[in-house]
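Visitor: Here you go, one structure.
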Amino acid sequence: MMNLSKEDIENRFTINEYKRYNNELRSKYNALSLEHSRVLKQQEGIIKSQVELKTREIRKELKEKDKIIDEKNKEIEALKEKIVKMQMKLDTDLTNSGIPTSKTAIGKKKYIPNTREKQTRI
């Protein structure tokens, strides 16, 4: 057997303690590293699901707004047609309505077209 001094024995014991402590730290680091990876994946999954949910909500809102816009456009077109019809009624007078001059309202000037052609005298 080797004769070890007291200092050698203390150093070996200390070195063994450091090795054991180092192994414990590595083990804890590996465990924490795995936990960190798991948490990151879980966070990514949560974020992805939140983005998908918000995207669905936005698409739903857009569809509803598109329906409202389509309804308003149809209403606008109907009103435009109504305006055109009313304008046509306003634009009719004795010259384009086919009403005889005898039916002209009192106080309105009668329009009597002159259909005679002028003859030149020789």
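In the structure tokens, each chain is lettered A, B, ... as it comes, each chain's residues begin at 1, and ligands are numbered from 1 in order of appearance.
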Mind listing the helix (DSSP H, G or I) residues of chain A, per DSSP on the backbone, as a ChimeraX atom specification?

Guide: /A:6-91,101-103

Visitor: Take atom CA of A:Tyr21 and atom CA of A:Leu40 and report the distance between them in Å, one decimal.

Guide: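 One can read the atom CA of A:Tyr21 to atom CA of A:Leu40 distance as 28.1 Å.
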
Visitor: Provide the atom CA of A:Glu77 to atom CA of A:Glu61 distance in Å, to one decimal place.

Guide: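 Going from atom CA of A:Glu77 over to atom CA of A:Glu61, I get 24.3 Å.
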
Visitor: Any idea what the distance is between atom CA of A:Thr115 and atom CA of A:Ser97?

Guide: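 Value for the atom CA of A:Thr115-atom CA of A:Ser97 distance: 17.5 Å.
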